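> Just passing along the structure, written as structure tokens.
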Amino acid sequence: MIISIVKEIRPGETRVAATPDTVIKMLALGAEVHIEQGAGQASGFSDEAYQKAGAKIMPDAAGTYQGTDIVLKIWAPQPSEDKYLKKDMTIIANFQILNQPERKKAFAQLGTQCFALELLPRISRAQSMDILSSQSNLAGYKAVLEAVNLSPKAVPLMMTAAGTVSPAKVLVLGAGVAGLQAIATAKRLGAQVFASDVRPEVKEQVESLGGRFVEVESNETFENTGGYAKETTADYQKKQQAAIAAQLQKTDIVITTAQIPGKKAPLLINEEMLRQMPSGGVVVDMAAESGGNVFGSHEGATTEFNGIKIIGNSNLAAQIPHSASKLYANNLYNFLAPMYQKETKQFVFNFADELVAKTCICKEGEIR
């Protein structure tokens, strides 16, 4: 049984789907591990470290894919990699399948078996496999550091002989995993932190981290059965924008994290609202790739509007590749390890298990 890890080719991606530590664990299961040359270099994992762990270093992508049984990746294979995919090959990755459903057909036609870990059900047993949570946690942390780096203001309260420096005010929109980590990070840096979310039940979590919850007067709730936020009504959006606009007038840094799986990200800060923010403010839009929460944001770019810097970056975890790769690799291993059968020395995916059934997007030529 061969497990292969290839170098990511998506622009800006620096992470790798296995570390020397997880290589050792996979070898202990009885698998042979192949790593494409240089796959971990951008994450701080050398080929020598993988070899020392017991992996076989392959010269290129073609050689790494050839003869493999299971491929572990950060992102699903890109169209240019389809030529390497073979029938019955198993691929485990983040497929972003709700945003690009047409790719399911290609993977099914090639006869591959694909598991999209972003579709893992939100149950306790799946927590150690949850790639969205592990990467969003780091992304929320990095978002605050990016904003602070560009802000012309100091973050904490400083009382000096020359005068007092007031603490920076930070507003976090969306209190999911990324948002909560952003709140915690900003608070640790000494900022006054405010947060808003369409799910009023997260107020307690925000306050437990030292943030103040920006209330929107409404009897509606917008959380789906999977625990994610869902689309809001026009009436709620109007009330939410009014509450956010009032807060923006006294805010130095904004972190936006609001996304709806499979749909365009909601616009939370429009042009007029942005004009009300004090000059020198910084906004980090973590939903830029899926449409953006902020007027004028563009994925992978830093723009400026009316004296406000806007950072569009939906892949902030890739800016902390060593830590992010460690967590992601552990997620993959935790998903894969229970599938191994010592008797047959094979990985067997039990489709009676909801973790398998709900993440599989295609099998034996059929879309599931």
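Each chain in the structure tokens gets a letter, A, B, ..., in the order shown, and its residues are numbered from 1; ligands are numbered from 1 in order too.
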Excluding region 303-308 of chain A and any residue of its chain fewer than 4 positions from it, enumerate the residues within 10 Å of it, using only C-alpha atoms, and give them as a PyMOL selection string.

chain A and resi 151+252-253+271+274-283+295-298+312

> As a list in words, please: every residue in region 140-217 of chain A that a backbone DSSP assignment puts in strand (DSSP E or B).

Met158, Met159, Thr160, Gly163, Thr164, Val165, Lys169, Val170, Leu171, Val172, Leu173, Gln192, Val193, Phe194, Ala195, Ser196, Arg212 and Phe213 of chain A

> Apply DSSP to the backbone of this structure and, from region 86-333 of chain A, keep only the residues in helix (DSSP H, G or I); write these as a PDB file with C-alpha atoms, in the first residue's frame.


```
ATOM      1  CA  GLU A 102     -18.101  20.676 -11.881  1.00  0.00           C
ATOM      2  CA  ARG A 103     -14.838  19.064 -10.753  1.00  0.00           C
ATOM      3  CA  LYS A 104     -16.779  16.114  -9.298  1.00  0.00           C
ATOM      4  CA  LYS A 105     -17.543  14.935 -12.825  1.00  0.00           C
ATOM      5  CA  ALA A 106     -13.885  14.944 -13.811  1.00  0.00           C
ATOM      6  CA  PHE A 107     -12.823  12.945 -10.761  1.00  0.00           C
ATOM      7  CA  ALA A 108     -15.683  10.473 -11.258  1.00  0.00           C
ATOM      8  CA  GLN A 109     -14.900   9.987 -14.954  1.00  0.00           C
ATOM      9  CA  LEU A 117     -12.517  16.641   4.291  1.00  0.00           C
ATOM     10  CA  GLU A 118     -14.155  20.076   4.276  1.00  0.00           C
ATOM     11  CA  LEU A 119     -17.450  18.129   4.298  1.00  0.00           C
ATOM     12  CA  SER A 124     -17.120  15.130  18.389  1.00  0.00           C
ATOM     13  CA  ARG A 125     -15.526  12.094  16.731  1.00  0.00           C
ATOM     14  CA  ALA A 126     -14.483  14.225  13.755  1.00  0.00           C
ATOM     15  CA  GLN A 127     -12.806  17.035  15.690  1.00  0.00           C
ATOM     16  CA  SER A 128      -9.299  15.624  15.337  1.00  0.00           C
ATOM     17  CA  MET A 129      -9.819  15.378  11.557  1.00  0.00           C
ATOM     18  CA  ILE A 131      -9.125  20.628   8.518  1.00  0.00           C
ATOM     19  CA  LEU A 132     -11.376  23.698   8.435  1.00  0.00           C
ATOM     20  CA  SER A 133     -11.056  24.289  12.176  1.00  0.00           C
ATOM     21  CA  SER A 134      -7.316  23.668  12.406  1.00  0.00           C
ATOM     22  CA  GLN A 135      -6.500  25.974   9.508  1.00  0.00           C
ATOM     23  CA  SER A 136      -9.069  28.644  10.386  1.00  0.00           C
ATOM     24  CA  ASN A 137      -7.627  28.838  13.887  1.00  0.00           C
ATOM     25  CA  LEU A 138      -4.214  29.781  12.530  1.00  0.00           C
ATOM     26  CA  ALA A 139      -5.727  32.051   9.879  1.00  0.00           C
ATOM     27  CA  GLY A 140      -7.610  34.081  12.504  1.00  0.00           C
ATOM     28  CA  TYR A 141      -4.379  34.545  14.447  1.00  0.00           C
ATOM     29  CA  LYS A 142      -2.444  35.580  11.349  1.00  0.00           C
ATOM     30  CA  ALA A 143      -5.174  38.012  10.216  1.00  0.00           C
ATOM     31  CA  VAL A 144      -4.703  40.098  13.346  1.00  0.00           C
ATOM     32  CA  LEU A 145      -0.912  40.127  12.995  1.00  0.00           C
ATOM     33  CA  GLU A 146      -1.223  41.233   9.351  1.00  0.00           C
ATOM     34  CA  ALA A 147      -3.534  44.073  10.305  1.00  0.00           C
ATOM     35  CA  VAL A 148      -1.416  45.205  13.249  1.00  0.00           C
ATOM     36  CA  ASN A 149       1.660  45.241  11.025  1.00  0.00           C
ATOM     37  CA  LEU A 150      -0.017  47.712   8.651  1.00  0.00           C
ATOM     38  CA  VAL A 177     -13.258  29.386  14.607  1.00  0.00           C
ATOM     39  CA  ALA A 178     -11.261  32.063  12.755  1.00  0.00           C
ATOM     40  CA  GLY A 179     -13.181  34.902  14.346  1.00  0.00           C
ATOM     41  CA  LEU A 180     -12.825  33.609  17.885  1.00  0.00           C
ATOM     42  CA  GLN A 181      -9.089  33.172  17.436  1.00  0.00           C
ATOM     43  CA  ALA A 182      -8.865  36.700  16.003  1.00  0.00           C
ATOM     44  CA  ILE A 183     -10.704  38.006  19.076  1.00  0.00           C
ATOM     45  CA  ALA A 184      -8.366  36.124  21.414  1.00  0.00           C
ATOM     46  CA  THR A 185      -5.241  37.290  19.570  1.00  0.00           C
ATOM     47  CA  ALA A 186      -6.303  40.947  19.458  1.00  0.00           C
ATOM     48  CA  LYS A 187      -7.202  40.816  23.135  1.00  0.00           C
ATOM     49  CA  ARG A 188      -3.814  39.323  24.038  1.00  0.00           C
ATOM     50  CA  PRO A 200     -26.688  35.407  18.907  1.00  0.00           C
ATOM     51  CA  GLU A 201     -25.815  32.230  20.803  1.00  0.00           C
ATOM     52  CA  VAL A 202     -22.076  32.888  20.250  1.00  0.00           C
ATOM     53  CA  LYS A 203     -22.267  36.030  22.407  1.00  0.00           C
ATOM     54  CA  GLU A 204     -21.141  34.051  25.451  1.00  0.00           C
ATOM     55  CA  GLN A 205     -18.080  32.733  23.589  1.00  0.00           C
ATOM     56  CA  VAL A 206     -17.118  36.231  22.454  1.00  0.00           C
ATOM     57  CA  GLU A 207     -17.420  37.607  25.983  1.00  0.00           C
ATOM     58  CA  SER A 208     -15.477  34.698  27.474  1.00  0.00           C
ATOM     59  CA  ALA A 234     -33.046  41.593   3.958  1.00  0.00           C
ATOM     60  CA  ASP A 235     -34.529  43.046   7.150  1.00  0.00           C
ATOM     61  CA  TYR A 236     -31.767  41.572   9.299  1.00  0.00           C
ATOM     62  CA  GLN A 237     -29.073  42.751   6.872  1.00  0.00           C
ATOM     63  CA  LYS A 238     -30.341  46.319   7.159  1.00  0.00           C
ATOM     64  CA  LYS A 239     -30.228  46.195  10.976  1.00  0.00           C
ATOM     65  CA  GLN A 240     -26.824  44.504  10.953  1.00  0.00           C
ATOM     66  CA  GLN A 241     -25.311  47.135   8.642  1.00  0.00           C
ATOM     67  CA  ALA A 242     -26.608  49.909  10.894  1.00  0.00           C
ATOM     68  CA  ALA A 243     -25.002  48.311  13.961  1.00  0.00           C
ATOM     69  CA  ILE A 244     -21.713  47.689  12.161  1.00  0.00           C
ATOM     70  CA  ALA A 245     -21.646  51.191  10.662  1.00  0.00           C
ATOM     71  CA  ALA A 246     -21.993  52.743  14.115  1.00  0.00           C
ATOM     72  CA  GLN A 247     -19.098  50.635  15.409  1.00  0.00           C
ATOM     73  CA  LEU A 248     -16.884  51.319  12.367  1.00  0.00           C
ATOM     74  CA  GLU A 271     -18.659  51.647   0.269  1.00  0.00           C
ATOM     75  CA  GLU A 272     -20.590  54.112   2.408  1.00  0.00           C
ATOM     76  CA  MET A 273     -19.812  52.210   5.609  1.00  0.00           C
ATOM     77  CA  LEU A 274     -16.121  52.100   4.723  1.00  0.00           C
ATOM     78  CA  ARG A 275     -16.087  55.896   4.354  1.00  0.00           C
ATOM     79  CA  ALA A 288     -12.189  37.657  -0.453  1.00  0.00           C
ATOM     80  CA  GLU A 289     -11.913  34.555  -2.620  1.00  0.00           C
ATOM     81  CA  SER A 290     -15.611  33.727  -2.300  1.00  0.00           C
ATOM     82  CA  LEU A 316      -3.755  33.096   5.584  1.00  0.00           C
ATOM     83  CA  ALA A 317      -2.820  29.686   6.988  1.00  0.00           C
ATOM     84  CA  ALA A 318      -0.363  29.358   4.090  1.00  0.00           C
ATOM     85  CA  GLN A 319       1.594  32.243   5.626  1.00  0.00           C
ATOM     86  CA  PRO A 321       3.135  26.903   6.692  1.00  0.00           C
ATOM     87  CA  HIS A 322       5.187  25.030   9.276  1.00  0.00           C
ATOM     88  CA  SER A 323       2.522  25.145  11.983  1.00  0.00           C
ATOM     89  CA  ALA A 324      -0.356  24.836   9.514  1.00  0.00           C
ATOM     90  CA  SER A 325       1.173  21.788   7.818  1.00  0.00           C
ATOM     91  CA  LYS A 326       1.664  20.047  11.165  1.00  0.00           C
ATOM     92  CA  LEU A 327      -1.989  20.450  12.079  1.00  0.00           C
ATOM     93  CA  TYR A 328      -3.284  19.599   8.601  1.00  0.00           C
ATOM     94  CA  ALA A 329      -1.075  16.506   8.359  1.00  0.00           C
ATOM     95  CA  ASN A 330      -2.370  15.313  11.729  1.00  0.00           C
ATOM     96  CA  ASN A 331      -5.953  15.854  10.526  1.00  0.00           C
ATOM     97  CA  LEU A 332      -5.298  13.659   7.482  1.00  0.00           C
ATOM     98  CA  TYR A 333      -3.613  10.950   9.511  1.00  0.00           C
TER      99      TYR A 333
END
```

> Calculated over only C-alpha atoms, which of the candidates A:Thr22, A:Ile3, A:Thr233, A:Lys52 has the smallest distance to Ile35 (chain A)?

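Closest to Ile35 (chain A) of all the choices is A:Ile3.
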
> Would you pick out the contacts of region 263-265 of chain A at 7 Å or less, using only C-alpha atoms, so that residues sharing its chain but fewer than 6 positions from it are not included, and give the list as a list of chain:residue names?

A:Ala287, A:Ser290, A:Gly291, A:Gly292, A:Asn293
